Structure formats: C-alpha cells, structure tokens
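K.L.:
Quick one, data21.csv (CSV, C-alpha atoms):
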```
chain,number,residue,atom,x,y,z
A,1,MET,CA,14.5,173.5,-13.3
A,2,THR,CA,17.6,172.9,-15.3
A,3,THR,CA,17.7,169.7,-17.3
A,4,ARG,CA,20.8,167.8,-18.5
A,5,ALA,CA,20.3,168.8,-22.1
A,6,GLU,CA,20.3,172.5,-21.3
A,7,GLY,CA,23.3,172.8,-19.0
A,8,PRO,CA,26.0,170.9,-17.1
A,9,ARG,CA,25.5,167.1,-17.3
A,10,ASN,CA,25.2,166.4,-13.6
A,11,VAL,CA,25.2,168.1,-10.2
A,12,SER,CA,28.9,167.5,-9.8
A,13,ALA,CA,29.5,169.5,-12.9
A,14,VAL,CA,27.3,172.3,-11.6
A,15,LEU,CA,29.2,172.4,-8.4
A,16,HIS,CA,32.5,172.5,-10.3
A,17,THR,CA,31.3,175.5,-12.4
A,18,LEU,CA,30.3,177.3,-9.2
A,19,TYR,CA,33.7,176.5,-7.7
A,20,GLU,CA,35.5,178.0,-10.7
A,21,GLN,CA,33.3,181.1,-10.6
A,22,GLU,CA,33.7,181.3,-6.7
A,23,ARG,CA,30.0,182.0,-6.5
A,24,ASP,CA,27.7,182.2,-3.5
A,25,ALA,CA,24.6,180.0,-4.5
A,26,THR,CA,22.2,177.3,-3.5
A,27,VAL,CA,21.7,174.3,-5.8
A,28,LEU,CA,18.2,172.9,-5.5
A,29,VAL,CA,18.2,169.2,-6.4
A,30,ALA,CA,14.9,167.5,-7.3
A,31,GLY,CA,14.6,163.8,-6.8
A,32,ALA,CA,14.2,161.1,-4.2
A,33,PRO,CA,15.8,162.2,-2.1
A,34,GLY,CA,16.3,165.8,-3.2
A,35,GLY,CA,18.1,168.4,-1.3
A,36,ARG,CA,19.7,171.8,-1.1
A,37,ILE,CA,23.4,172.3,-1.6
A,38,HIS,CA,24.7,175.5,-0.1
A,39,VAL,CA,27.8,177.0,-1.8
A,40,ARG,CA,29.8,179.9,-0.5
A,41,GLN,CA,32.7,181.4,-2.6
A,42,GLY,CA,32.5,178.2,-4.7
A,43,LEU,CA,32.9,175.8,-1.7
A,44,VAL,CA,30.2,173.5,-0.4
A,45,VAL,CA,29.5,174.5,3.2
A,46,SER,CA,26.3,172.5,3.9
A,47,ILE,CA,23.9,170.1,2.2
A,48,GLU,CA,20.3,169.7,3.4
A,49,THR,CA,18.5,166.5,2.4
A,50,PRO,CA,15.8,164.3,3.9
A,51,GLY,CA,18.1,161.3,3.1
A,52,ALA,CA,20.7,162.0,5.8
A,53,PRO,CA,20.8,163.7,9.2
A,54,GLY,CA,22.4,167.1,9.2
A,55,ALA,CA,25.0,168.3,11.7
A,56,GLU,CA,22.2,169.8,13.9
A,57,SER,CA,20.2,166.6,13.9
A,58,ILE,CA,23.3,164.4,14.8
A,59,LEU,CA,24.3,166.8,17.6
A,60,LEU,CA,20.9,166.8,19.2
A,61,ARG,CA,19.8,163.2,18.6
A,62,SER,CA,23.1,161.8,19.9
A,63,GLY,CA,22.7,163.9,23.1
A,64,ARG,CA,26.1,165.6,22.5
A,65,VAL,CA,24.4,169.0,22.9
A,66,ALA,CA,21.1,169.6,24.8
A,67,ASP,CA,18.1,171.2,23.1
A,68,THR,CA,18.1,174.2,25.4
A,69,GLU,CA,21.8,174.8,24.9
A,70,TRP,CA,21.5,174.6,21.2
A,71,THR,CA,18.5,177.0,21.1
A,72,ALA,CA,20.6,179.5,23.2
A,73,VAL,CA,23.5,179.1,20.8
A,74,ARG,CA,21.3,179.6,17.7
A,75,ALA,CA,19.7,182.7,19.3
A,76,ALA,CA,23.2,184.2,20.1
A,77,CYS,CA,24.3,183.7,16.5
A,78,ARG,CA,21.1,185.2,15.1
A,79,ASP,CA,21.4,184.8,11.3
A,80,GLU,CA,25.1,185.1,11.0
A,81,GLU,CA,26.5,182.2,9.0
A,82,GLY,CA,29.7,180.6,10.3
A,83,ARG,CA,29.4,181.9,13.9
A,84,LEU,CA,28.1,178.6,15.4
A,85,ALA,CA,31.6,177.1,15.9
A,86,ASP,CA,32.8,180.1,17.9
A,87,GLU,CA,29.6,180.2,20.0
A,88,LEU,CA,29.7,176.5,20.8
A,89,SER,CA,33.3,176.8,21.6
A,90,ALA,CA,32.9,179.9,23.8
A,91,ARG,CA,30.2,178.1,25.8
A,92,GLY,CA,32.4,175.0,26.2
A,93,LEU,CA,29.9,172.7,24.5
A,94,LEU,CA,32.0,171.7,21.5
A,95,THR,CA,35.4,172.6,20.3
A,96,ALA,CA,35.8,174.3,16.9
A,97,THR,CA,37.5,171.2,15.6
A,98,GLU,CA,34.8,168.9,16.8
A,99,PHE,CA,32.1,171.0,15.1
A,100,GLU,CA,34.2,171.2,11.9
A,101,VAL,CA,34.5,167.4,11.8
A,102,LEU,CA,30.8,167.0,12.4
A,103,CYS,CA,29.9,169.4,9.6
A,104,VAL,CA,32.3,167.9,7.1
A,105,ALA,CA,31.0,164.4,8.0
A,106,ALA,CA,27.4,165.6,7.5
A,107,VAL,CA,28.3,167.1,4.1
A,108,PHE,CA,30.0,163.9,2.9
A,109,ASP,CA,27.0,161.8,4.2
A,110,ALA,CA,24.5,164.0,2.4
A,111,ALA,CA,26.5,164.0,-0.8
A,112,PHE,CA,26.7,160.2,-0.7
A,113,VAL,CA,22.9,159.9,-0.3
A,114,LEU,CA,22.3,162.3,-3.2
A,115,ALA,CA,24.6,160.2,-5.3
A,116,LEU,CA,22.5,157.0,-4.7
A,117,ALA,CA,19.8,158.1,-7.2
A,118,ALA,CA,19.9,160.1,-10.4
A,119,PRO,CA,18.4,163.6,-9.8
A,120,GLN,CA,15.2,164.5,-11.7
A,121,GLY,CA,16.7,168.0,-12.2
A,122,TRP,CA,18.4,170.9,-10.5
A,123,GLU,CA,18.4,174.6,-10.3
A,124,VAL,CA,21.0,177.1,-9.2
A,125,THR,CA,19.5,180.0,-7.2
A,126,GLY,CA,20.9,182.8,-5.2
A,127,PRO,CA,22.3,181.9,-1.7
A,128,VAL,CA,19.6,180.7,0.6
A,129,PRO,CA,20.4,181.4,4.3
A,130,VAL,CA,21.8,178.2,5.9
A,131,PRO,CA,21.5,177.8,9.7
A,132,VAL,CA,24.3,175.3,10.2
A,133,SER,CA,27.4,175.4,8.0
A,134,GLY,CA,30.9,174.2,8.3
A,135,PRO,CA,34.2,174.7,6.5
A,136,GLY,CA,33.9,174.8,2.7
A,137,LEU,CA,34.8,171.7,0.7
A,138,THR,CA,35.8,171.6,-2.9
A,139,PRO,CA,33.5,169.7,-5.3
A,140,ARG,CA,36.5,167.5,-6.2
A,141,ARG,CA,37.0,166.4,-2.6
A,142,ILE,CA,33.3,165.7,-2.2
A,143,ALA,CA,33.2,163.7,-5.4
A,144,ALA,CA,36.3,161.7,-4.4
A,145,GLU,CA,34.9,160.8,-1.0
A,146,THR,CA,31.5,159.9,-2.5
A,147,THR,CA,33.1,157.6,-5.0
A,148,ARG,CA,35.2,155.9,-2.3
A,149,ARG,CA,32.0,155.3,-0.2
A,150,LEU,CA,30.0,153.9,-3.1
A,151,ALA,CA,32.9,151.6,-4.0
A,152,ALA,CA,33.2,150.5,-0.4
A,153,LEU,CA,29.6,149.6,-0.1
A,154,ASN,CA,29.1,148.1,-3.6
A,155,GLY,CA,31.7,145.5,-2.8
A,156,GLN,CA,29.5,144.1,0.0
A,157,TRP,CA,26.1,142.5,0.4
A,158,MET,CA,24.2,144.4,-2.4
A,159,PRO,CA,24.4,147.7,-4.5
A,160,ALA,CA,24.3,150.7,-2.3
A,161,SER,CA,21.1,152.1,-3.9
A,162,ALA,CA,19.3,148.8,-3.0
A,163,LEU,CA,20.7,148.7,0.5
A,164,ALA,CA,19.5,152.3,1.0
A,165,ALA,CA,15.9,151.2,0.5
A,166,LEU,CA,16.1,147.9,2.5
A,167,ARG,CA,14.1,147.4,5.7
A,168,VAL,CA,15.6,144.8,8.0
A,169,GLN,CA,15.2,143.4,11.5
A,170,PRO,CA,17.6,141.4,13.7
A,171,ALA,CA,17.7,137.6,13.5
A,172,GLU,CA,17.0,135.9,16.8
A,173,PRO,CA,18.7,135.6,19.1
A,174,VAL,CA,21.0,138.6,19.2
A,175,PRO,CA,24.4,137.4,20.4
A,176,SER,CA,25.5,139.0,23.7
A,177,LEU,CA,29.1,139.5,22.7
A,178,LEU,CA,28.7,142.3,20.1
A,179,PRO,CA,30.1,145.8,20.1
A,180,SER,CA,27.5,148.2,21.6
A,181,ARG,CA,27.2,150.1,18.3
A,182,TYR,CA,25.9,146.9,16.6
A,183,VAL,CA,23.6,146.1,19.5
A,184,THR,CA,22.1,149.6,19.4
A,185,LEU,CA,21.6,149.3,15.7
A,186,LEU,CA,20.0,145.8,16.0
A,187,ARG,CA,17.6,147.1,18.7
A,188,ALA,CA,16.5,150.0,16.5
A,189,ALA,CA,16.0,147.8,13.4
A,190,ASN,CA,12.4,146.8,13.3
A,191,ASP,CA,11.8,145.7,9.6
A,192,ARG,CA,10.2,149.1,8.9
A,193,ARG,CA,13.2,151.3,9.1
A,194,THR,CA,15.5,151.9,6.1
A,195,PRO,CA,19.2,152.7,6.9
A,196,ARG,CA,18.3,156.4,6.6
A,197,ASP,CA,15.5,156.0,9.2
A,198,LEU,CA,17.9,154.3,11.5
A,199,ALA,CA,20.4,157.1,11.0
A,200,PHE,CA,17.9,159.7,12.1
A,201,ALA,CA,16.7,157.5,15.0
A,202,LEU,CA,20.2,157.0,16.3
A,203,GLY,CA,21.8,160.3,15.4
A,204,ARG,CA,24.3,158.7,13.1
A,205,GLY,CA,25.3,159.1,9.5
A,206,THR,CA,23.4,157.2,6.8
A,207,TYR,CA,26.6,155.8,5.3
A,208,ALA,CA,27.9,154.6,8.6
A,209,VAL,CA,24.6,152.8,9.3
A,210,MET,CA,24.6,151.2,5.8
A,211,LEU,CA,28.2,150.0,6.4
A,212,ASP,CA,27.3,148.5,9.8
A,213,LEU,CA,24.2,146.8,8.3
A,214,ALA,CA,26.3,145.2,5.6
A,215,ARG,CA,28.7,143.9,8.3
A,216,LEU,CA,25.8,142.6,10.4
A,217,HIS,CA,24.4,140.8,7.3
A,218,THR,CA,27.8,139.2,6.8
A,219,LEU,CA,27.6,137.9,10.5
A,220,GLY,CA,24.1,136.5,9.7
A,221,LEU,CA,22.4,138.8,12.2
A,222,LEU,CA,19.6,140.3,9.9
A,223,GLN,CA,16.3,139.0,8.6
A,224,GLU,CA,12.9,140.1,7.2
A,225,THR,CA,9.3,139.4,8.4
A,226,ALA,CA,5.8,140.2,7.2
A,227,PRO,CA,3.4,142.5,9.1
A,228,VAL,CA,0.2,141.2,10.8
A,229,THR,CA,-3.2,143.1,11.0
A,230,ASP,CA,-6.5,142.7,12.9
A,231,ALA,CA,-10.1,143.8,12.3
A,232,ARG,CA,-10.9,147.5,12.3
A,233,PRO,CA,-14.0,149.4,13.5
A,234,SER,CA,-16.4,151.2,11.1
A,235,THR,CA,-16.1,154.9,10.7
A,236,ALA,CA,-19.8,155.4,9.8
A,237,PRO,CA,-21.8,157.4,12.3
A,238,ARG,CA,-22.9,155.3,15.2
A,239,VAL,CA,-26.6,155.3,15.8
A,240,PRO,CA,-28.8,153.4,18.3
A,241,ALA,CA,-29.7,150.0,17.0
A,242,SER,CA,-33.3,149.7,15.9
A,243,GLY,CA,-35.5,147.7,18.2
A,244,THR,CA,-33.2,148.2,21.2
A,245,ARG,CA,-34.4,150.2,24.1
A,246,SER,CA,-32.6,152.0,26.8
A,247,PRO,CA,-32.6,150.0,30.1
A,248,GLU,CA,-35.4,150.8,32.5
A,249,PRO,CA,-34.3,153.2,35.2
A,250,ALA,CA,-33.8,151.7,38.5
A,251,PRO,CA,-36.9,151.8,40.8
A,252,VAL,CA,-36.9,154.5,43.3
A,253,VAL,CA,-36.3,153.0,46.8
A,254,THR,CA,-36.9,155.0,49.9
A,255,LEU,CA,-34.0,154.7,52.2
A,256,PRO,CA,-34.8,153.9,55.9
A,257,ARG,CA,-34.9,156.9,58.1
A,258,ARG,CA,-33.4,157.1,61.5
A,259,THR,CA,-35.5,158.3,64.4
A,260,PRO,CA,-33.7,160.7,66.8
A,261,GLY,CA,-33.1,159.0,70.1
A,262,ALA,CA,-34.0,155.5,69.0
A,263,HIS,CA,-30.3,154.6,68.2
A,264,GLN,CA,-28.1,153.6,71.1
A,265,LEU,CA,-24.4,153.9,70.6
A,266,GLY,CA,-22.5,150.7,71.4
A,267,GLY,CA,-25.6,148.5,71.9
A,268,ALA,CA,-28.1,148.2,74.8
A,269,ASP,CA,-25.9,146.1,77.1
A,270,ARG,CA,-23.5,149.1,77.6
A,271,SER,CA,-26.2,151.2,79.3
B,1,MET,CA,-18.8,146.8,18.8
B,2,SER,CA,-20.6,146.1,15.6
B,3,GLY,CA,-19.7,147.1,12.1
B,4,THR,CA,-16.1,146.0,11.9
B,5,SER,CA,-14.2,145.1,8.8
B,6,HIS,CA,-10.7,144.1,7.8
B,7,PRO,CA,-8.3,147.0,7.8
B,8,GLY,CA,-5.9,145.4,5.3
B,9,PRO,CA,-6.6,147.8,2.4
B,10,LEU,CA,-6.4,150.8,4.7
B,11,VAL,CA,-3.1,149.6,6.1
B,12,GLU,CA,-1.8,148.9,2.6
B,13,ILE,CA,-2.5,152.5,1.6
B,14,MET,CA,-0.8,153.9,4.7
B,15,THR,CA,2.2,151.6,4.2
B,16,ALA,CA,2.5,152.8,0.6
B,17,LEU,CA,2.7,156.4,1.8
B,18,ARG,CA,5.3,155.4,4.5
B,19,GLU,CA,7.4,153.7,1.9
B,20,ARG,CA,7.0,156.5,-0.6
B,21,VAL,CA,7.8,159.5,1.6
B,22,MET,CA,11.2,159.6,3.3
B,23,GLY,CA,11.0,160.1,7.0
B,24,VAL,CA,7.5,158.8,7.6
B,25,HIS,CA,7.6,156.0,10.3
B,26,ASP,CA,4.2,155.6,11.7
B,27,LEU,CA,0.6,156.3,10.5
B,28,VAL,CA,-2.6,156.1,12.5
B,29,LEU,CA,-6.1,156.3,11.0
B,30,SER,CA,-8.9,157.2,13.5
B,31,THR,CA,-12.5,158.1,13.6
B,32,GLY,CA,-13.4,161.8,14.1
B,33,ASP,CA,-14.2,161.0,17.8
B,34,GLY,CA,-10.8,159.5,18.4
B,35,LEU,CA,-11.4,155.7,18.0
B,36,LEU,CA,-8.6,153.8,16.3
B,37,VAL,CA,-9.5,152.5,12.9
B,38,ALA,CA,-6.2,151.2,11.6
B,39,ALA,CA,-2.5,151.7,12.1
B,40,ASP,CA,0.8,151.2,10.4
B,41,ALA,CA,2.8,151.8,13.5
B,42,ALA,CA,5.6,150.3,15.5
B,43,THR,CA,7.0,153.0,17.8
B,44,VAL,CA,3.9,154.6,19.2
B,45,HIS,CA,0.7,153.6,21.0
B,46,PRO,CA,-1.9,153.9,18.2
B,47,GLU,CA,-5.0,154.3,20.5
B,48,SER,CA,-3.4,157.2,22.3
B,49,ILE,CA,-2.3,158.9,19.1
B,50,ALA,CA,-5.8,158.4,17.7
B,51,ALA,CA,-7.5,160.0,20.7
B,52,LEU,CA,-5.0,162.9,20.9
B,53,SER,CA,-5.2,163.5,17.2
B,54,ALA,CA,-9.0,163.8,17.2
B,55,ALA,CA,-8.8,166.4,20.0
B,56,THR,CA,-5.9,168.2,18.3
B,57,LEU,CA,-7.7,168.4,14.9
B,58,SER,CA,-10.8,169.8,16.6
B,59,LEU,CA,-8.7,172.5,18.3
B,60,GLY,CA,-7.0,173.2,15.0
B,61,GLN,CA,-10.3,173.7,13.3
B,62,ARG,CA,-11.5,176.0,16.1
B,63,LEU,CA,-8.2,177.9,15.9
B,64,ALA,CA,-8.5,178.3,12.1
B,65,HIS,CA,-12.0,179.6,12.6
B,66,GLU,CA,-10.9,182.1,15.2
B,67,ALA,CA,-8.0,183.2,13.0
B,68,GLU,CA,-10.4,183.8,10.2
B,69,GLY,CA,-8.8,181.1,8.1
B,70,GLY,CA,-10.6,178.9,5.6
B,71,THR,CA,-10.9,175.2,5.6
B,72,LEU,CA,-8.3,173.5,7.8
B,73,ARG,CA,-5.7,171.7,5.7
B,74,ASP,CA,-3.7,170.0,8.4
B,75,VAL,CA,-2.3,170.4,11.8
B,76,THR,CA,1.5,170.1,12.0
B,77,THR,CA,3.5,169.7,15.2
B,78,ARG,CA,7.3,170.1,15.0
B,79,CYS,CA,9.3,168.9,18.0
B,80,ALA,CA,12.9,167.8,18.6
B,81,GLY,CA,13.4,164.8,16.4
B,82,ARG,CA,9.8,164.5,15.3
B,83,HIS,CA,7.1,165.8,13.0
B,84,VAL,CA,3.4,165.0,13.6
B,85,LEU,CA,0.9,165.9,10.9
B,86,ILE,CA,-2.8,165.4,11.3
B,87,GLN,CA,-5.0,165.5,8.3
B,88,ALA,CA,-8.8,165.2,8.0
B,89,VAL,CA,-9.9,162.2,5.9
B,90,GLY,CA,-13.4,163.1,4.7
B,91,ASP,CA,-15.9,164.2,7.3
B,92,ARG,CA,-15.5,161.4,9.8
B,93,ALA,CA,-11.9,160.2,10.0
B,94,LEU,CA,-8.4,161.6,10.3
B,95,LEU,CA,-5.0,160.5,9.4
B,96,THR,CA,-2.0,161.1,11.7
B,97,VAL,CA,1.5,160.9,10.1
B,98,LEU,CA,4.5,160.7,12.4
B,99,GLY,CA,7.9,161.3,10.9
B,100,ASP,CA,11.4,162.0,12.0
B,101,GLU,CA,13.3,165.3,11.9
B,102,GLY,CA,14.3,164.8,8.3
B,103,LEU,CA,10.7,164.1,7.1
B,104,ASP,CA,10.3,165.2,3.4
B,105,LEU,CA,7.3,167.5,4.1
B,106,ALA,CA,7.2,168.7,0.5
B,107,LEU,CA,6.8,165.2,-0.8
B,108,LEU,CA,4.3,164.3,1.9
B,109,HIS,CA,2.1,167.2,1.0
B,110,LEU,CA,2.4,166.2,-2.6
B,111,HIS,CA,1.2,162.6,-2.0
B,112,MET,CA,-1.3,163.4,0.8
B,113,PRO,CA,-4.3,164.3,-1.4
B,114,ALA,CA,-4.2,161.0,-3.3
B,115,THR,CA,-3.7,159.0,-0.1
B,116,VAL,CA,-6.7,160.8,1.5
B,117,ASP,CA,-8.8,160.1,-1.5
B,118,GLN,CA,-8.0,156.4,-1.5
B,119,LEU,CA,-8.8,156.2,2.2
B,120,VAL,CA,-12.1,158.1,1.8
B,121,ARG,CA,-13.2,155.7,-1.0
B,122,ILE,CA,-12.9,152.8,1.4
B,123,LEU,CA,-14.3,154.5,4.5
B,124,ASP,CA,-17.3,155.8,2.5
B,125,LYS,CA,-18.5,152.2,2.1
B,126,ASP,CA,-18.9,152.0,5.9
B,127,ALA,CA,-22.7,151.8,6.5
B,128,PRO,CA,-24.1,153.4,9.6
B,129,SER,CA,-24.1,150.8,12.3
B,130,ALA,CA,-25.6,150.3,15.7
B,131,SER,CA,-23.5,151.4,18.6
```
Could you take the file, read its structure, and then write that structure out as structure tokens?
P.N.:
Amino acid sequence: MTTRAEGPRNVSAVLHTLYEQERDATVLVAGAPGGRIHVRQGLVVSIETPGAPGAESILLRSGRVADTEWTAVRAACRDEEGRLADELSARGLLTATEFEVLCVAAVFDAAFVLALAAPQGWEVTGPVPVPVSGPGLTPRRIAAETTRRLAALNGQWMPASALAALRVQPAEPVPSLLPSRYVTLLRAANDRRTPRDLAFALGRGTYAVMLDLARLHTLGLLQETAPVTDARPSTAPRVPASGTRSPEPAPVVTLPRRTPGAHQLGGADRS
Amino acid sequence: MSGTSHPGPLVEIMTALRERVMGVHDLVLSTGDGLLVAADAATVHPESIAALSAATLSLGQRLAHEAEGGTLRDVTTRCAGRHVLIQAVGDRALLTVLGDEGLDLALLHLHMPATVDQLVRILDKDAPSAS
C-alpha cells in the first residue's frame, strides 16, 4: 500500500495524476471508512465505500426500482460497464438523466464520506470491474463539491467528522407539523444509528442525512439516551439438578367399558 | 430457569463491535440450542433470531461436512438491504451479526476473532447448572 512519503500526498493528488494520464484504474483506499474509487480514462465513474449508499442501494432501498426489475436489468447488461442507463431507460424504469443524476450524487456522497477521515493508505491497481457506474467526473469537480459540503456542515452544530459518528434519537414529542422527510428521519433515528446507518436504512445520501440532522438539532428535536439490559441465562450445559426426581407416572386407570345393549338412546322414558 | 447472570459485559463487547464496524446494527448472542443469552438489538426480535441462528448454524455445519469442507467459519446470508452473519462462539454459543447492505465485511472479519475470544472468556465461566 502506498504511503504519503512514497508518492502523491493524498488521494486527491492520486486521482489528479490518473486524470492527467487518462488511465483506467481502481484506487483502493484503506481507512475507516475505506473504499474503492473506479477511474476510467482518468475520470471517476464510481466510488464504493461502506460509508455511503451506492446508486444501486439508493435505487432499491427507496423503492424506485423493484428488486426483480433490477436483477433483470443487471442480467441483460451482463458485465458490460455503462450499459445500465440504456437498459433502465429501454425498460421504462428510469430515464438516462435520472440514472446519471443518481450516479453523480452517489459519487459526491462517497467522496464526501472518504474525506471525513484521513486514509491509512492507498494503492492504485488495474481497473476492477464495477457493476454500477455513471458519467465520469473530474477529480477537480469532486474536490470542489467535497469542499463545499464540508464547509456547509462545519458551519453548523459540530464538525462534520464528529457528526458522522453521532448516534441520536428524537426528542419527545415529535411535532406533528414537520416535513415528511424530517418525520421519516426522526422515526428511523433510535440512538443506535449514525447518519450513515440512517442513510442506508432510508435509501438516502449520507451527506443529506447529516444536513437534515443538523437542522433537526437546531429545531431542538434530537436527544441521546442510555441503553438498559436485563439478566441473561447461562450457556453451560444444562443437566438435571441433583436430588430431583422425575415426577411419578400417572397411575393406570381402567376406563369403564360399555356393555352392548345396556345403553338406551335418549333415556328410558322414550321407549 | 437457574444459572442466570448479568449480561452487561457481553452486551458491552457486542456494542463495541457494532460501534467499531460500519454497517453493523444488531447483535444477538445465543446458546447452541437457540436460547437467547444477550442482545444488542433494536430492529429485530432477538428470541427469533437466536432460535433461527442456532438452526442455521447447525445446517451450515452439516453442509460444510457434506461439501467436504473443514471447520465451519461462519454462515453468511446476503439479502436485499441486509447481511446476516452467524459465527460459532466456542462450543456452546453463537453470535449473530446483522448489518445493512453497506456492511464492512472485511473489517467485521478482522475484528470477529477478538470479539469471539472475549465472549468465550466470559461464557466459559458459566458453571453447569440444573435445568
């Protein structure tokens, strides 16, 4: 893995070098979160990271495209990169522009998340096949957007890197007159989910969720609580307690037998 | 039931794993026969997960044996929007990790051995008890 002393001073510089060389490559970024940046002809077409939902995740989680439809589209495209937009459009599921917007938003979101923590290292490898990719973006455009987002968030509540790790829950009661986007977010916040977890749960971008959380905090609608636990059972093998005996079997009781002809249907007074 | 103890330390270990690995949202620790031991969960029914996990791990072990594989490492289920990973914890317990679609599986696999070791150290202190 490349270190700062050996090569470019940061991932942005690596991407800029790849852009100038118009290379096809994948940059493996180690860190928390790490990720894979897919570069084609020097342009960034996709970023995969556990820190932000990708275009596929957003499409499916939001319900914009059904699972079965997406599987069929993927099967039709086989491994050909860049065919997804045409296939989605041909099937009337998503216009090419909608898909492009989605992919660009996912790349910006992932780049923003990767910028929240300094990477532990990076490595440039040959191009790794990428299942979902959009139009290529220049490193300069990505850097500019990332800077804008960091500045927008840092001016609110707390530094973006701290907010990214924060787990919140709604303050009670939740006002009834709130935009549905905020209500959905407050319902999903359960003091265990970070903004990234909420983004995956709701099929939204991590940055958008962080921005909404900052606004909700300004409105005084967020709080924190402590978890509560109970007693647990032992995992040791369960054996019969010494001195205890199984209950005695029930005594055998002979059931009364009927004698043929002795029983009169409906009683004696009918005869 | 006899032989109960406070699950606090177990929950703390599970919570630490959840907070360390991106994408983990629920953890359930159960006995080998599917009884819930402790859970750090909010979005699932822990008792059901415990029972199903024990059955699934048993099937996984059997499948690994039939496929002429060695010791079972874990059973991973991938579904739309979810990852479920079941891992044996010593000889008599198992840990179920539920994560979202973006679960950092590599990091989870990296941290899992230490987590399992911590859990085993506590569970090994459980003395055989009367049922």
K.L.:
In terms of the shortest atom-to-atom distance over all atoms listed in the file, which of A:Gln223, A:Ala52, A:Thr194, A:Gly126 is closest to B:Arg18?
P.N.:
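Among A:Gln223, A:Ala52, A:Thr194, A:Gly126, it is A:Thr194 that comes nearest to B:Arg18.
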K.L.:
So that I can see what lies close to A:Val174, please list as a PDB file with C-alpha atoms, in the coordinates of the input the residues with an atom at most 8 Å from it, counting only C-alpha atoms and leaving out residues fewer than 6 positions away in the same chain.
P.N.:
```pdb
ATOM      1  CA  VAL A 183      23.600 146.100  19.500  1.00  0.00           C
ATOM      2  CA  LEU A 186      20.000 145.800  16.000  1.00  0.00           C
ATOM      3  CA  LEU A 221      22.400 138.800  12.200  1.00  0.00           C
TER       4      LEU A 221
END
```
K.L.:
What are the nearest atom pairs, with distances in Å to one decimal, for all residues of chain B that come at most 10 Å from chain A, using all atoms listed in the file, set out by chain and rising residue number as a tab-separated table?
P.N.:
```
residue	atom	partner	partner_atom	distance
B:Met1	CA	A:Pro233	CA	7.6
B:Ser2	CA	A:Pro233	CA	7.7
B:Gly3	CA	A:Ser234	CA	5.4
B:Thr4	CA	A:Pro233	CA	4.3
B:Ser5	CA	A:Arg232	CA	5.4
B:His6	CA	A:Ala231	CA	4.5
B:Pro7	CA	A:Arg232	CA	5.2
B:Gly8	CA	A:Thr229	CA	6.7
B:Leu10	CA	A:Arg232	CA	9.4
B:Val11	CA	A:Thr229	CA	8.1
B:Thr15	CA	A:Arg192	CA	9.6
B:Arg18	CA	A:Arg192	CA	9.1
B:Glu19	CA	A:Arg192	CA	8.8
B:Arg20	CA	A:Ala32	CA	9.3
B:Val21	CA	A:Ala32	CA	8.8
B:Met22	CA	A:Pro50	CA	6.6
B:Gly23	CA	A:Asp197	CA	6.5
B:Val24	CA	A:Asp197	CA	8.6
B:His25	CA	A:Arg193	CA	7.4
B:Asp26	CA	A:Arg192	CA	9.3
B:Ser30	CA	A:Thr235	CA	8.1
B:Thr31	CA	A:Thr235	CA	5.6
B:Gly32	CA	A:Thr235	CA	8.2
B:Asp33	CA	A:Thr235	CA	9.6
B:Leu35	CA	A:Pro233	CA	8.2
B:Leu36	CA	A:Pro233	CA	7.5
B:Val37	CA	A:Arg232	CA	5.2
B:Ala38	CA	A:Arg232	CA	6.0
B:Ala39	CA	A:Thr229	CA	8.7
B:Asp40	CA	A:Thr229	CA	9.1
B:Ala41	CA	A:Arg192	CA	9.1
B:Ala42	CA	A:Asn190	CA	8.0
B:Thr43	CA	A:Asn190	CA	9.4
B:Ala80	CA	A:Asp67	CA	7.7
B:Gly81	CA	A:Arg61	CA	7.0
B:Arg82	CA	A:Ala201	CA	9.8
B:Asp91	CA	A:Thr235	CA	9.9
B:Arg92	CA	A:Thr235	CA	6.6
B:Ala93	CA	A:Thr235	CA	6.8
B:Gly99	CA	A:Asp197	CA	9.4
B:Asp100	CA	A:Phe200	CA	6.9
B:Glu101	CA	A:Phe200	CA	7.2
B:Gly102	CA	A:Pro50	CA	4.7
B:Leu103	CA	A:Pro50	CA	6.0
B:Asp104	CA	A:Pro50	CA	5.6
B:Leu105	CA	A:Pro50	CA	9.1
B:Leu107	CA	A:Ala32	CA	9.1
B:Leu123	CA	A:Thr235	CA	6.5
B:Asp124	CA	A:Ala236	CA	7.7
B:Lys125	CA	A:Ala236	CA	8.4
B:Asp126	CA	A:Ala236	CA	5.3
B:Ala127	CA	A:Ala236	CA	5.7
B:Pro128	CA	A:Ala236	CA	4.7
B:Ser129	CA	A:Arg238	CA	5.5
B:Ala130	CA	A:Ala241	CA	4.3
B:Ser131	CA	A:Arg238	CA	5.2
```
K.L.:
Find the distance between atom CA of A:Pro131 and atom CA of A:Val45 and write it in Å to one decimal.
P.N.:
10.8 Å
K.L.:
Which residue gives the smallest distance to A:Leu137 among A:Cys103, A:Ala151, A:Ala66, A:Leu59, with only C-alpha atoms counted?
P.N.:
A:Cys103
K.L.:
At a cut-off of 12 Å from (28.5, 159.0, -1.3) in the coordinates of the file, what residues are picked up using all atoms listed in the file, written as an MDAnalysis selection string?
P.N.:
chainID A and resid 51:52 105:117 141:154 160:161 164 205:208 210:211
K.L.:
Hey, which of B:Thr71, B:Thr96, B:Thr76, B:Thr115 ends up closest to B:Ala51? Count only C-alpha atoms.
P.N.:
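Smallest distance to B:Ala51 is found for B:Thr96.
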K.L.:
Grab the atom CA of B:Leu85 to atom CA of B:Ala114 distance for me, in Å with one decimal place.
P.N.:
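Interatomic distance here is 15.9 Å.
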K.L.:
Neighbours of A:Ala25 within 10 Å (only C-alpha atoms; same-chain residues fewer than 2 positions away dropped), as a VMD selection string?
P.N.:
chain A and resid 15 18 22 to 23 27 to 28 37 to 44 124 to 129
K.L.:
To one decimal place, how far is atom CA of A:Arg215 from atom CA of A:Met158 in Å?
P.N.:
11.6 Å
K.L.:
Which protein, DNA or RNA residues have an atom at most 6 Å from (0.2, 159.1, 11.7), counting all atoms listed in the file? List them as a PyMOL selection string.
P.N.:
chain B and resi 26-28+95-98
K.L.:
Looking at A:Pro195, A:Ala85, A:Val130, A:Ser46, which one is nearest to A:Thr97, with distances taken over all atoms listed in the file?
P.N.:
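Of the candidates, the smallest distance to A:Thr97 is held by A:Ala85.
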K.L.:
Check the smallest atom-to-atom distance from each of B:Glu47, B:Leu17, B:Ser53, B:Arg121 to B:Val84 using only C-alpha atoms, then report the winner.
P.N.:
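Counting only C-alpha atoms, the residue closest to B:Val84 is B:Ser53.
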K.L.:
Hey, which of A:Gln169, A:Thr95, A:Ser12, A:Thr26 ends up closest to A:Leu216? Count only C-alpha atoms.
P.N.:
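For A:Leu216, the nearest of the candidates is A:Gln169.
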